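Engineer: I am sharing coords.txt, which consists of compact mmCIF, C-alpha atoms:
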# COMPACT_ATOMS: atom_id res chain seq x y z
CA MET A 653 0.00 0.00 0.00
CA SER A 654 1.48 3.33 -0.95
CA SER A 655 2.01 5.69 1.93
CA SER A 656 2.60 8.80 -0.11
CA HIS A 657 -0.32 11.18 -0.29
CA SER A 658 -0.63 12.46 -3.76
CA LYS A 659 -3.79 14.24 -4.83
CA ASP A 660 -4.74 11.20 -6.90
CA SER A 661 -4.62 8.51 -4.30
CA LEU A 662 -5.90 8.43 -0.78
CA SER A 663 -4.92 5.79 1.70
CA PHE A 664 -8.30 4.20 2.00
CA LEU A 665 -9.77 4.77 -1.41
CA GLY A 666 -7.04 3.12 -3.40
CA GLY A 667 -6.14 4.14 -6.91
CA ARG A 668 -8.88 6.38 -8.19
CA ILE A 669 -11.24 8.49 -6.17
CA PRO A 670 -14.84 7.63 -7.03
CA PRO A 671 -16.65 10.59 -8.59
CA GLU A 672 -19.32 10.79 -5.91
CA VAL A 673 -16.64 11.18 -3.25
CA GLU A 674 -14.64 13.64 -5.33
CA SER A 675 -17.64 15.88 -5.69
CA LEU A 676 -18.73 15.53 -2.08
CA SER A 677 -17.08 18.70 -0.86
CA LYS A 678 -18.68 20.72 -3.62
CA ASN A 679 -22.09 19.22 -2.92
CA LEU A 680 -21.77 19.83 0.79
CA LYS A 681 -21.53 23.57 0.35
CA ASP A 682 -24.38 25.30 2.19
CA VAL A 683 -25.22 22.12 3.99
CA ASP A 684 -25.41 22.89 7.69
CA GLN A 685 -24.20 20.49 10.31
CA GLU A 686 -27.67 19.54 11.44
CA LEU A 687 -28.68 18.41 7.96
CA PHE A 688 -25.36 16.70 7.45
CA ARG A 689 -25.80 14.74 10.67
CA LYS A 690 -29.29 13.68 9.66
CA ILE A 691 -28.02 12.37 6.34
CA LEU A 692 -25.08 10.68 8.01
CA LYS A 693 -27.38 8.94 10.46
CA ALA A 694 -29.62 7.72 7.65
CA VAL A 695 -26.64 6.37 5.70
CA VAL A 696 -25.29 4.61 8.76
CA SER A 697 -28.57 2.87 9.38
CA ALA A 698 -28.73 1.88 5.72
CA LEU A 699 -25.28 0.33 6.05
CA GLU A 700 -26.60 -1.60 9.01
CA GLY A 701 -29.27 -3.02 6.79
CA LYS A 702 -32.14 -1.12 8.34
CA ASP A 703 -34.87 0.42 6.26
CA CYS A 704 -34.34 4.16 6.04
CA THR A 705 -36.97 5.29 3.55
CA GLU A 706 -38.85 7.22 6.21
CA GLY A 707 -35.74 9.05 7.34
CA MET A 708 -34.72 9.92 3.81
CA LYS A 709 -38.19 11.09 2.91
CA SER A 710 -38.31 13.50 5.83
CA ILE A 711 -34.86 14.83 4.95
CA ALA A 712 -35.87 15.38 1.33
CA GLU A 713 -39.06 17.13 2.31
CA SER A 714 -37.66 19.36 5.02
CA SER A 715 -34.53 20.67 3.33
CA VAL A 716 -33.97 23.36 0.75
CA ILE A 717 -31.26 21.42 -1.03
CA PRO A 718 -32.45 20.15 -4.44
CA GLN A 719 -33.13 16.41 -4.54
CA GLU A 720 -30.54 15.64 -7.14
CA ARG A 721 -27.80 17.17 -5.05
CA LEU A 722 -29.06 15.27 -2.00
CA CYS A 723 -28.74 12.03 -3.96
CA HIS A 724 -25.15 12.83 -4.82
CA ILE A 725 -24.40 13.66 -1.20
CA VAL A 726 -25.92 10.43 0.04
CA ALA A 727 -24.00 8.45 -2.57
CA GLY A 728 -20.76 10.14 -1.63
CA ILE A 729 -21.19 9.59 2.09
CA HIS A 730 -22.24 5.99 1.58
CA ARG A 731 -19.23 5.24 -0.59
CA LEU A 732 -16.83 7.00 1.70
CA LEU A 733 -18.03 5.16 4.78
CA SER A 734 -18.19 1.72 3.12
CA GLU A 735 -14.65 2.02 1.88
CA ALA A 736 -13.36 3.28 5.21
CA ILE A 737 -14.97 0.48 7.20
CA ARG A 738 -13.52 -2.16 4.91
CA ILE A 739 -10.03 -1.49 6.11
CA PRO A 740 -9.05 -2.80 9.52
CA THR A 741 -8.40 -0.08 12.06
CA ALA A 742 -4.92 -1.42 12.55
CA LEU A 743 -4.10 -0.33 9.02
CA LEU A 744 -6.06 2.86 8.60
CA LYS A 745 -5.27 5.16 11.46
CA GLN A 746 -7.62 7.92 12.43
CA GLU A 747 -5.11 10.70 11.73
CA ILE A 748 -4.45 9.44 8.22
CA PHE A 749 -8.17 9.16 7.59
CA LYS A 750 -8.67 12.75 8.73
CA GLU A 751 -5.80 13.89 6.52
CA ASP A 752 -7.40 12.17 3.58
CA LEU A 753 -10.69 13.87 4.18
CA LYS A 754 -8.91 17.22 4.43
CA GLU A 755 -7.44 16.57 1.01
CA LEU A 756 -10.94 16.04 -0.24
CA ARG A 757 -11.75 19.49 1.13
CA ILE A 758 -14.39 18.18 3.50
CA PRO A 759 -15.20 20.73 6.20
CA GLU A 760 -13.52 20.17 9.56
CA ASP A 761 -16.71 19.57 11.56
CA PHE A 762 -17.91 16.98 9.10
CA ILE A 763 -14.55 15.27 9.30
CA THR A 764 -15.03 14.85 13.02
CA ASP A 765 -18.45 13.36 12.48
CA PHE A 766 -17.14 10.94 9.87
CA SER A 767 -14.35 9.96 12.16
CA SER A 768 -16.61 9.21 15.05
CA VAL A 769 -18.59 6.79 12.89
CA VAL A 770 -15.57 5.01 11.48
CA PHE A 771 -13.55 4.86 14.66
CA GLY A 772 -16.19 5.09 17.37
CA ASN A 773 -18.14 2.55 19.34
CA HIS A 774 -20.48 1.87 16.52
CA ARG A 775 -17.79 0.43 14.28
CA ALA A 776 -18.14 -3.18 15.40
CA ALA A 777 -21.88 -3.22 14.74
CA LEU A 778 -21.32 -1.76 11.29
CA GLU A 779 -18.68 -4.33 10.44
CA ALA A 780 -20.90 -7.17 11.58
CA ALA A 781 -23.82 -5.87 9.54
CA THR A 782 -21.85 -5.41 6.33
CA SER A 783 -20.23 -8.82 6.49
CA GLN A 784 -23.69 -10.41 6.68
CA LYS A 785 -24.28 -9.34 3.10
CA ASP A 786 -21.20 -11.09 1.83
CA PRO A 787 -21.44 -14.57 0.37
CA HIS A 788 -20.95 -17.23 2.97
CA LEU A 789 -22.12 -20.70 3.77
CA PRO A 790 -24.62 -21.16 6.56
CA THR A 791 -23.17 -21.17 10.06
CA LEU A 792 -24.34 -23.18 13.02
CA GLU A 793 -26.72 -21.15 15.11
CA GLU A 794 -27.77 -23.79 17.55
CA LEU A 795 -26.97 -27.41 18.22
CA LYS A 796 -29.30 -29.56 20.29
CA TRP A 797 -28.50 -33.17 21.00
CA ARG A 798 -29.74 -36.27 22.70
CA VAL A 799 -28.12 -39.54 23.68
CA ASP A 800 -30.46 -42.48 23.41
CA VAL A 801 -30.10 -46.14 24.20
CA ALA A 802 -32.37 -48.40 22.22
CA ILE A 803 -33.39 -51.12 24.63
CA SER A 804 -35.51 -53.17 22.28
CA THR A 805 -36.72 -52.85 18.71
CA SER A 806 -39.14 -54.71 16.51
CA SER A 807 -36.21 -56.74 15.20
CA LEU A 808 -34.27 -57.24 18.42
CA ALA A 809 -35.65 -58.02 21.85
CA ARG A 810 -32.41 -56.86 23.44
CA ALA A 811 -30.62 -54.21 21.43
CA LEU A 812 -28.91 -51.98 24.03
CA GLN A 813 -27.45 -49.75 21.39
CA PRO A 814 -26.52 -46.14 22.20
CA SER A 815 -26.91 -43.48 19.57
CA VAL A 816 -26.74 -39.72 19.34
CA LEU A 817 -29.51 -37.62 17.85
CA MET A 818 -28.57 -34.12 16.71
CA GLN A 819 -30.60 -31.15 15.63
CA MET A 820 -28.77 -28.29 13.98
CA LYS A 821 -30.29 -24.91 13.41
CA LEU A 822 -28.43 -23.16 10.61
CA SER A 823 -28.12 -19.45 10.00
CA ASP A 824 -30.20 -19.72 6.84
CA GLY A 825 -33.14 -20.87 8.94
CA ARG A 826 -33.02 -24.54 8.01
CA PHE A 827 -33.13 -27.33 10.55
CA GLN A 828 -31.24 -30.57 10.11
CA ARG A 829 -32.14 -33.44 12.34
CA PHE A 830 -30.14 -36.62 12.05
CA GLU A 831 -28.88 -39.62 13.92
CA VAL A 832 -25.19 -40.08 14.50
CA PRO A 833 -24.07 -43.67 15.03
CA VAL A 834 -21.50 -43.88 17.79
CA SER A 835 -18.67 -44.68 15.39
CA LYS A 836 -19.51 -41.71 13.20
CA PHE A 837 -19.69 -39.52 16.27
CA GLN A 838 -16.11 -40.45 17.11
CA GLU A 839 -15.12 -39.60 13.57
CA LEU A 840 -16.84 -36.22 13.81
CA ARG A 841 -15.23 -35.41 17.11
CA TYR A 842 -11.81 -36.43 15.89
CA ASN A 843 -12.13 -34.33 12.76
CA VAL A 844 -13.31 -31.24 14.62
CA ALA A 845 -10.32 -31.55 16.96
CA LEU A 846 -8.06 -31.94 13.97
CA ILE A 847 -9.39 -28.81 12.27
CA LEU A 848 -8.92 -26.85 15.50
CA LYS A 849 -5.34 -27.96 15.71
CA GLU A 850 -4.73 -26.97 12.10
CA MET A 851 -6.39 -23.62 12.71
CA ASN A 852 -4.10 -22.95 15.62
CA ASP A 853 -1.07 -23.82 13.54
CA LEU A 854 -2.33 -21.63 10.71
CA GLU A 855 -2.88 -18.67 12.97
CA LYS A 856 0.61 -18.93 14.39
CA ARG A 857 2.15 -19.21 10.95
CA SER A 858 0.15 -16.55 9.17
CA ILE A 859 1.19 -13.83 11.54
CA LEU A 860 4.76 -14.44 10.65
CA LYS A 861 4.55 -15.05 6.92
CA ILE A 862 1.91 -12.85 5.37
CA GLN A 863 2.84 -9.27 5.69
CA ASN A 864 0.36 -6.52 6.11
CA MET B 607 -37.51 -72.27 27.38
CA THR B 608 -40.31 -70.92 25.22
CA SER B 609 -40.23 -72.04 21.66
CA ILE B 610 -39.79 -69.31 19.16
CA ILE B 611 -41.67 -71.15 16.45
CA LYS B 612 -45.22 -72.19 17.20
CA GLU B 613 -46.55 -75.05 15.10
CA THR B 614 -49.42 -73.34 13.33
CA GLN B 615 -51.21 -74.70 10.29
CA SER B 616 -49.22 -72.58 7.91
CA ILE B 617 -45.98 -73.66 9.58
CA LYS B 618 -46.99 -77.29 9.13
CA GLU B 619 -47.65 -76.70 5.44
CA ALA B 620 -44.40 -74.82 4.98
CA VAL B 621 -42.47 -77.57 6.72
CA THR B 622 -43.85 -80.16 4.33
CA PHE B 623 -42.67 -78.14 1.35
CA ILE B 624 -39.31 -77.32 2.86
CA ASN B 625 -38.57 -80.91 3.72
CA ALA B 626 -39.09 -81.86 0.08
CA ILE B 627 -36.54 -79.38 -1.28
CA ASP B 628 -33.06 -80.58 -2.23
CA VAL B 629 -30.78 -79.67 0.66
CA ASN B 630 -28.07 -77.90 -1.39
CA LYS B 631 -30.59 -75.72 -3.14
CA PHE B 632 -32.20 -74.96 0.18
CA SER B 633 -28.90 -74.01 1.73
CA ARG B 634 -28.24 -71.44 -0.99
CA LEU B 635 -31.77 -70.11 -0.60
CA ILE B 636 -31.40 -69.53 3.13
CA SER B 637 -28.03 -67.83 2.70
CA ARG B 638 -29.55 -65.41 0.28
CA ILE B 639 -32.53 -64.69 2.52
CA ILE B 640 -30.45 -63.98 5.60
CA GLN B 641 -28.28 -61.54 3.66
CA LYS B 642 -31.22 -59.34 2.84
CA LEU B 643 -33.06 -59.73 6.10
CA HIS B 644 -31.97 -56.38 7.52
CA LEU B 645 -33.40 -54.41 4.62
CA LYS B 646 -36.92 -53.52 5.46
CA GLY B 647 -39.42 -53.54 2.65
CA GLU B 648 -37.11 -54.92 0.03
CA ARG B 649 -37.98 -58.09 -1.80
CA THR B 650 -35.36 -60.74 -1.42
CA PHE B 651 -35.99 -62.02 -4.93
CA SER B 652 -37.13 -60.19 -8.02
CA GLU B 653 -40.19 -61.37 -9.95
CA GLU B 654 -37.94 -63.03 -12.49
CA GLU B 655 -35.91 -64.81 -9.87
CA GLU B 656 -39.05 -66.06 -8.15
CA GLU B 657 -40.27 -67.56 -11.39
CA LYS B 658 -36.96 -69.34 -11.84
CA LEU B 659 -37.13 -70.60 -8.27
CA GLN B 660 -40.60 -71.98 -8.83
CA ALA B 661 -39.24 -74.07 -11.66
CA ALA B 662 -36.05 -75.07 -9.89
CA LEU B 663 -37.78 -76.17 -6.69
CA SER B 664 -40.91 -77.58 -8.37
CA LEU B 665 -43.16 -75.33 -6.33
CA ASP B 666 -46.11 -73.32 -7.53
CA LYS B 667 -46.32 -69.60 -6.77
CA ASN B 668 -48.20 -69.91 -3.50
CA ALA B 669 -46.04 -72.72 -2.21
CA LEU B 670 -42.89 -70.77 -3.00
CA ASN B 671 -44.24 -67.69 -1.24
CA LEU B 672 -45.02 -69.76 1.81
CA VAL B 673 -41.55 -71.28 1.88
CA LEU B 674 -39.83 -67.90 1.49
CA GLU B 675 -41.95 -66.19 4.09
CA THR B 676 -41.66 -68.97 6.61
CA SER B 677 -37.90 -69.20 6.20
CA ALA B 678 -37.59 -65.46 6.67
CA PHE B 679 -39.86 -65.65 9.70
CA ILE B 680 -37.76 -68.37 11.29
CA LEU B 681 -34.62 -66.29 10.83
CA GLU B 682 -36.31 -63.14 12.13
CA GLN B 683 -37.39 -64.96 15.26
CA ALA B 684 -33.88 -66.27 15.74
CA VAL B 685 -32.54 -62.73 15.53
CA TYR B 686 -35.19 -61.23 17.76
CA HIS B 687 -34.61 -63.70 20.58
CA ASN B 688 -30.92 -64.10 19.81
CA VAL B 689 -31.14 -67.86 20.21
CA LYS B 690 -28.16 -70.13 20.20
CA PRO B 691 -27.69 -72.19 17.01
CA ALA B 692 -28.09 -75.46 18.87
CA SER B 693 -31.34 -74.31 20.41
CA LEU B 694 -32.59 -73.19 17.01
CA GLN B 695 -31.88 -76.59 15.55
CA GLN B 696 -33.71 -78.32 18.36
CA GLN B 697 -36.76 -76.10 18.06
CA LEU B 698 -36.96 -76.57 14.31
CA GLU B 699 -36.80 -80.32 14.68
CA MET B 700 -39.65 -80.02 17.16
CA VAL B 701 -41.87 -78.56 14.44
CA HIS B 702 -40.93 -81.52 12.30
CA LEU B 703 -38.32 -80.11 10.01
CA THR B 704 -35.92 -82.84 8.98
CA PRO B 705 -32.61 -82.73 10.87
CA GLU B 706 -30.68 -81.86 7.73
CA LYS B 707 -32.95 -78.90 6.97
CA ALA B 708 -32.87 -77.76 10.59
CA GLU B 709 -29.11 -77.94 10.37
CA VAL B 710 -29.10 -75.64 7.33
CA PHE B 711 -30.90 -73.03 9.39
CA SER B 712 -28.69 -73.33 12.44
CA GLN B 713 -25.46 -73.40 10.41
CA THR B 714 -26.41 -70.27 8.47
CA TRP B 715 -27.49 -68.62 11.68
CA ALA B 716 -24.22 -69.51 13.38
CA THR B 717 -22.09 -68.03 10.61
CA THR B 718 -24.09 -65.02 9.46
CA GLY B 719 -26.24 -64.37 12.51
CA PRO B 720 -23.93 -62.16 14.60
CA GLU B 721 -23.28 -59.87 11.65
CA LEU B 722 -27.00 -59.52 11.08
CA VAL B 723 -27.61 -58.67 14.73
CA GLU B 724 -25.01 -55.89 14.54
CA LYS B 725 -26.60 -54.48 11.41
CA LEU B 726 -30.01 -54.49 13.01
CA LYS B 727 -28.71 -52.83 16.15
CA CYS B 728 -27.67 -49.89 14.04
CA ASN B 729 -30.96 -49.74 12.19
CA LEU B 730 -32.63 -47.33 14.54
CA PHE B 731 -35.40 -44.99 13.50
CA ALA B 732 -34.14 -41.72 12.20
CA PRO B 733 -35.14 -39.71 9.21
CA LYS B 734 -31.49 -39.18 8.36
CA LYS B 735 -28.19 -40.63 9.41
CA LEU B 736 -24.76 -39.09 9.36
CA GLU B 737 -22.74 -41.15 6.93
CA TYR B 738 -19.89 -38.89 5.89
CA VAL B 739 -17.75 -36.24 7.52
CA GLY B 740 -15.48 -34.08 5.39
CA TRP B 741 -13.89 -30.70 5.90
CA GLN B 742 -11.86 -27.90 4.44
CA LEU B 743 -9.79 -25.29 6.21
CA ASN B 744 -9.50 -21.93 4.46
CA LEU B 745 -7.72 -18.72 5.20
CA GLN B 746 -10.00 -15.94 4.16
CA MET B 747 -8.04 -13.00 2.83
CA ALA B 748 -10.81 -10.54 2.02
CA GLN B 749 -14.45 -10.10 1.19
CA SER B 750 -16.65 -7.34 -0.18
CA SER B 751 -17.03 -5.71 3.17
CA HIS B 752 -13.59 -6.39 4.62
CA ALA B 753 -10.12 -5.99 3.21
CA ARG B 754 -6.98 -7.59 4.61
CA LEU B 755 -8.68 -10.27 6.67
CA LYS B 756 -6.50 -13.32 7.22
CA SER B 757 -9.17 -15.11 9.15
CA PRO B 758 -9.25 -18.90 9.19
CA SER B 759 -12.55 -20.46 8.35
CA ALA B 760 -13.47 -24.11 8.26
CA VAL B 761 -16.19 -25.71 6.21
CA LEU B 762 -17.66 -28.94 7.52
CA GLN B 763 -19.36 -31.23 5.06
CA LEU B 764 -21.89 -33.59 6.59
CA GLY B 765 -23.20 -36.33 4.34
CA LEU B 766 -26.67 -37.32 5.48
CA GLN B 767 -28.31 -40.49 4.22
CA GLY B 768 -32.06 -40.59 4.30
CA GLU B 769 -33.68 -43.86 5.20
CA ASP B 770 -35.36 -44.40 1.89
CA SER B 771 -33.17 -42.49 -0.46
CA GLU B 772 -30.14 -43.62 -2.36
CA VAL B 773 -28.71 -40.15 -2.57
CA GLN B 774 -26.69 -38.58 0.18
CA GLU B 775 -27.67 -35.05 1.13
CA ASN B 776 -24.71 -32.78 1.75
CA VAL B 777 -24.93 -30.11 4.39
CA PHE B 778 -22.19 -27.49 4.38
CA VAL B 779 -21.61 -25.46 7.51
CA GLU B 780 -19.03 -22.73 7.97
CA PHE B 781 -17.18 -22.04 11.22
CA ASN B 782 -14.74 -19.45 12.45
CA HIS B 783 -12.37 -20.32 15.25
CA GLN B 784 -14.69 -19.50 18.10
CA GLN B 785 -17.68 -21.25 16.55
CA LEU B 786 -15.63 -24.38 15.97
CA LEU B 787 -14.42 -24.28 19.54
CA ASP B 788 -18.02 -24.06 20.75
CA LEU B 789 -18.91 -27.08 18.64
CA TYR B 790 -15.99 -29.02 20.00
CA ASN B 791 -16.99 -28.27 23.59
CA LYS B 792 -20.52 -29.48 22.90
CA LEU B 793 -19.21 -32.67 21.34
CA GLU B 794 -17.07 -33.24 24.42
CA ILE B 795 -20.14 -33.04 26.63
CA VAL B 796 -21.91 -35.61 24.45
CA GLN B 797 -18.87 -37.84 24.66
CA GLY B 798 -19.01 -37.58 28.42
CA GLN B 799 -22.58 -38.85 28.33
CA LEU B 800 -21.64 -41.73 26.06
CA ASP B 801 -18.78 -42.66 28.35
CA SER B 802 -21.07 -42.75 31.37
CA LEU B 803 -23.15 -45.41 29.66
CA THR B 804 -20.46 -48.04 29.50
Before anything else, please render the file you have as structure tokens.

Structural biologist:
Amino acid sequence: MSSSHSKDSLSFLGGRIPPEVESLSKNLKDVDQELFRKILKAVVSALEGKDCTEGMKSIAESSVIPQERLCHIVAGIHRLLSEAIRIPTALLKQEIFKEDLKELRIPEDFITDFSSVVFGNHRAALEAATSQKDPHLPTLEELKWRVDVAISTSSLARALQPSVLMQMKLSDGRFQRFEVPVSKFQELRYNVALILKEMNDLEKRSILKIQN
Amino acid sequence: MTSIIKETQSIKEAVTFINAIDVNKFSRLISRIIQKLHLKGERTFSEEEEEKLQAALSLDKNALNLVLETSAFILEQAVYHNVKPASLQQQLEMVHLTPEKAEVFSQTWATTGPELVEKLKCNLFAPKKLEYVGWQLNLQMAQSSHARLKSPSAVLQLGLQGEDSEVQENVFVEFNHQQLLDLYNKLEIVQGQLDSLT
């Protein structure tokens, strides 16, 4: 990652500055802090996945700024925030971020507001919400289990066979209920332990090898 | 010791037919039946095979059916009560099966019986059974919402076999480190329960 700040590249926006961000400072002229904060709040809740049509409607109706300009402002703020949140805080420091925004000629007060979203308490919730939208396989939300011993069946008067019944609730809402024969259970347990060990090894190695 | 085979009318009839069958042919027949005994609802012989059997054993359709069903019944009772081969032989002779035919039953039971009992023990009711466990460990470098990640993620593939279906259903579940650790801890608790049974 280049650490030099030329006009053409900002630390967190990469190579080219998107047009909606480039024009943000121009579009924010005559926008007072109160309006700016309202828009910022609406964009943040949109990023969290919440429905913000009501909020946006009231902003559009109550302000003197023409709708088209409002759209550009919203687009610019949305893009700016999404890109900033992508980068881990360890790599994008607050001071650099503020410097970058200064280069974009964003007013000082607004810079503070932006900063408090990107680096404040709300950051973790935003990150969690945005990563939900990314492609991923279902995760395990809940695991319920039961150990049974079959005493007798229609084929065997004396069976005395233990078995494990599992019910998995997945993050995509599906339920999977299945029996795990004891031998398969051992195999499952062994494999999970093995993956954990490999994960530990991987985490130790990756810190050393892959540079930031 | 209660007899596992009661001498009903249909048993008497079946015995008459069975006693008349050539012993080698009968031996092969019983071996085949016991192999398929654990599969519920499956016919031991196809329509074609049954027709061939009718000819080979000089039995008409009804007689053949009776012989097949009775033989299967005898074996099922042996499994259910887990009788000893010697006891089975004795009981069959008591319903007037010839000693050589009774011996076919008890020999087959002695050799294949234990395996069958194990198979049936595992045949418990469940809509699906876990048949296959596979996994993949990935190091996620980035995604749309996050750059520079380096987070390990594991994908567990569980192959579930439905009772009636031939096809295995694959369930893929993703775990990060903490989620996998939680799963492991749960599995350890289950293991503790299993251990307390023995």

Engineer: Got a sec: who's within 6 Å of Lys735 in chain B, counting all atoms listed in the file, leaving out chain neighbours fewer than 5 positions off, as a list in words?

Structural biologist: Phe830, Glu831 and Val832 of chain A; Leu766 and Gln767 of chain B

Engineer: Residues of chain B within 6 Å of chain A, counting all atoms listed in the file - could you list those as a list in words?

Structural biologist: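 Result, ordered by chain then number: Tyr686, His687, Lys727, Ala732, Lys734, Lys735, Leu736, Ser751, His752, Ala753, Val779 and Glu780 of chain B.
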
Engineer: Can you write just those residues out, C-alpha atoms, as a PDB file, in the coordinates of the input?

Structural biologist:
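Everything below was put into selection.pdb:
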ATOM      1  CA  TYR B 686     -35.190 -61.230  17.760  1.00  0.00           C
ATOM      2  CA  HIS B 687     -34.610 -63.700  20.580  1.00  0.00           C
ATOM      3  CA  LYS B 727     -28.710 -52.830  16.150  1.00  0.00           C
ATOM      4  CA  ALA B 732     -34.140 -41.720  12.200  1.00  0.00           C
ATOM      5  CA  LYS B 734     -31.490 -39.180   8.360  1.00  0.00           C
ATOM      6  CA  LYS B 735     -28.190 -40.630   9.410  1.00  0.00           C
ATOM      7  CA  LEU B 736     -24.760 -39.090   9.360  1.00  0.00           C
ATOM      8  CA  SER B 751     -17.030  -5.710   3.170  1.00  0.00           C
ATOM      9  CA  HIS B 752     -13.590  -6.390   4.620  1.00  0.00           C
ATOM     10  CA  ALA B 753     -10.120  -5.990   3.210  1.00  0.00           C
ATOM     11  CA  VAL B 779     -21.610 -25.460   7.510  1.00  0.00           C
ATOM     12  CA  GLU B 780     -19.030 -22.730   7.970  1.00  0.00           C
TER      13      GLU B 780
END

Engineer: Return the single residue from B:Ala716, B:Ile624, B:Ala708, B:Val629 that is closest to Glu675 in chain B, with distances computed using only C-alpha atoms.

Structural biologist: B:Ile624

Engineer: Give me, as a PDB file with C-alpha atoms, in the frame of the given file, all polymer residues having an atom no more than 8 Å from Lys750 in chain A, counting all atoms listed in the file and skipping those fewer than 4 positions away in the same chain.

Structural biologist:
ATOM      1  CA  GLN A 746      -7.620   7.920  12.430  1.00  0.00           C
ATOM      2  CA  LYS A 754      -8.910  17.220   4.430  1.00  0.00           C
ATOM      3  CA  ILE A 763     -14.550  15.270   9.300  1.00  0.00           C
ATOM      4  CA  THR A 764     -15.030  14.850  13.020  1.00  0.00           C
ATOM      5  CA  SER A 767     -14.350   9.960  12.160  1.00  0.00           C
TER       6      SER A 767
END

Engineer: I'd like the neighbourhood of Glu709 in chain B as a ChimeraX atom specification, where a residue qualifies if any of its atoms comes within 9 Å (using only C-alpha atoms), though same-chain residues fewer than 6 positions away should be ignored.

Structural biologist: /B:691-692,694-695,698

Engineer: Find, counting only C-alpha atoms, the residue in A:Ile717, A:Pro671, A:Gly728, A:Asp682 that gets nearest to Val695 in chain A.

Structural biologist: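 Checking each of A:Ile717, A:Pro671, A:Gly728, A:Asp682 against Val695 in chain A, counting only C-alpha atoms, the winner is A:Gly728.
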
Engineer: State, in Å with one decimal place, the distance from CA of Val701 in chain B to CA of Asp666 in chain B.

Structural biologist: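 So the answer is 23.0 Å.
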
Engineer: Complete the atom set of range 720-724 of chain A to all heavy atoms and return it as an mmCIF file, in the coordinates of the input.

Structural biologist:
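Once everything was written out, this is part.cif:
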data_model
loop_
_atom_site.group_PDB
_atom_site.id
_atom_site.type_symbol
_atom_site.label_atom_id
_atom_site.label_comp_id
_atom_site.auth_asym_id
_atom_site.auth_seq_id
_atom_site.Cartn_x
_atom_site.Cartn_y
_atom_site.Cartn_z
ATOM 1 N N GLU A 720 -31.637 16.269 -6.414
ATOM 2 C CA GLU A 720 -30.540 15.640 -7.140
ATOM 3 C C GLU A 720 -29.230 15.784 -6.371
ATOM 4 O O GLU A 720 -28.455 14.833 -6.262
ATOM 5 C CB GLU A 720 -30.411 16.247 -8.531
ATOM 6 C CG GLU A 720 -29.646 15.319 -9.468
ATOM 7 C CD GLU A 720 -29.424 15.936 -10.819
ATOM 8 O OE1 GLU A 720 -30.360 16.603 -11.319
ATOM 9 O OE2 GLU A 720 -28.325 15.761 -11.367
ATOM 10 N N ARG A 721 -29.040 16.959 -5.811
ATOM 11 C CA ARG A 721 -27.800 17.170 -5.050
ATOM 12 C C ARG A 721 -27.791 16.290 -3.798
ATOM 13 O O ARG A 721 -26.777 15.716 -3.429
ATOM 14 C CB ARG A 721 -27.679 18.662 -4.677
ATOM 15 C CG ARG A 721 -26.355 18.987 -4.039
ATOM 16 C CD ARG A 721 -25.755 20.274 -4.562
ATOM 17 N NE ARG A 721 -26.406 21.444 -4.017
ATOM 18 C CZ ARG A 721 -25.955 22.173 -2.989
ATOM 19 N NH1 ARG A 721 -24.839 21.834 -2.399
ATOM 20 N NH2 ARG A 721 -26.641 23.217 -2.563
ATOM 21 N N LEU A 722 -28.968 16.156 -3.172
ATOM 22 C CA LEU A 722 -29.060 15.270 -2.000
ATOM 23 C C LEU A 722 -28.636 13.861 -2.366
ATOM 24 O O LEU A 722 -27.916 13.195 -1.619
ATOM 25 C CB LEU A 722 -30.497 15.242 -1.477
ATOM 26 C CG LEU A 722 -30.858 16.240 -0.390
ATOM 27 C CD1 LEU A 722 -32.316 16.090 -0.012
ATOM 28 C CD2 LEU A 722 -29.985 16.047 0.835
ATOM 29 N N CYS A 723 -29.107 13.382 -3.529
ATOM 30 C CA CYS A 723 -28.740 12.030 -3.960
ATOM 31 C C CYS A 723 -27.227 11.897 -4.064
ATOM 32 O O CYS A 723 -26.653 10.896 -3.625
ATOM 33 C CB CYS A 723 -29.375 11.713 -5.315
ATOM 34 S SG CYS A 723 -31.139 11.505 -5.213
ATOM 35 N N HIS A 724 -26.604 12.900 -4.674
ATOM 36 C CA HIS A 724 -25.150 12.830 -4.820
ATOM 37 C C HIS A 724 -24.460 12.802 -3.464
ATOM 38 O O HIS A 724 -23.478 12.093 -3.254
ATOM 39 C CB HIS A 724 -24.635 14.009 -5.644
ATOM 40 C CG HIS A 724 -24.993 13.910 -7.099
ATOM 41 N ND1 HIS A 724 -24.777 12.787 -7.842
ATOM 42 C CD2 HIS A 724 -25.570 14.815 -7.925
ATOM 43 C CE1 HIS A 724 -25.183 12.980 -9.077
ATOM 44 N NE2 HIS A 724 -25.680 14.203 -9.166
#
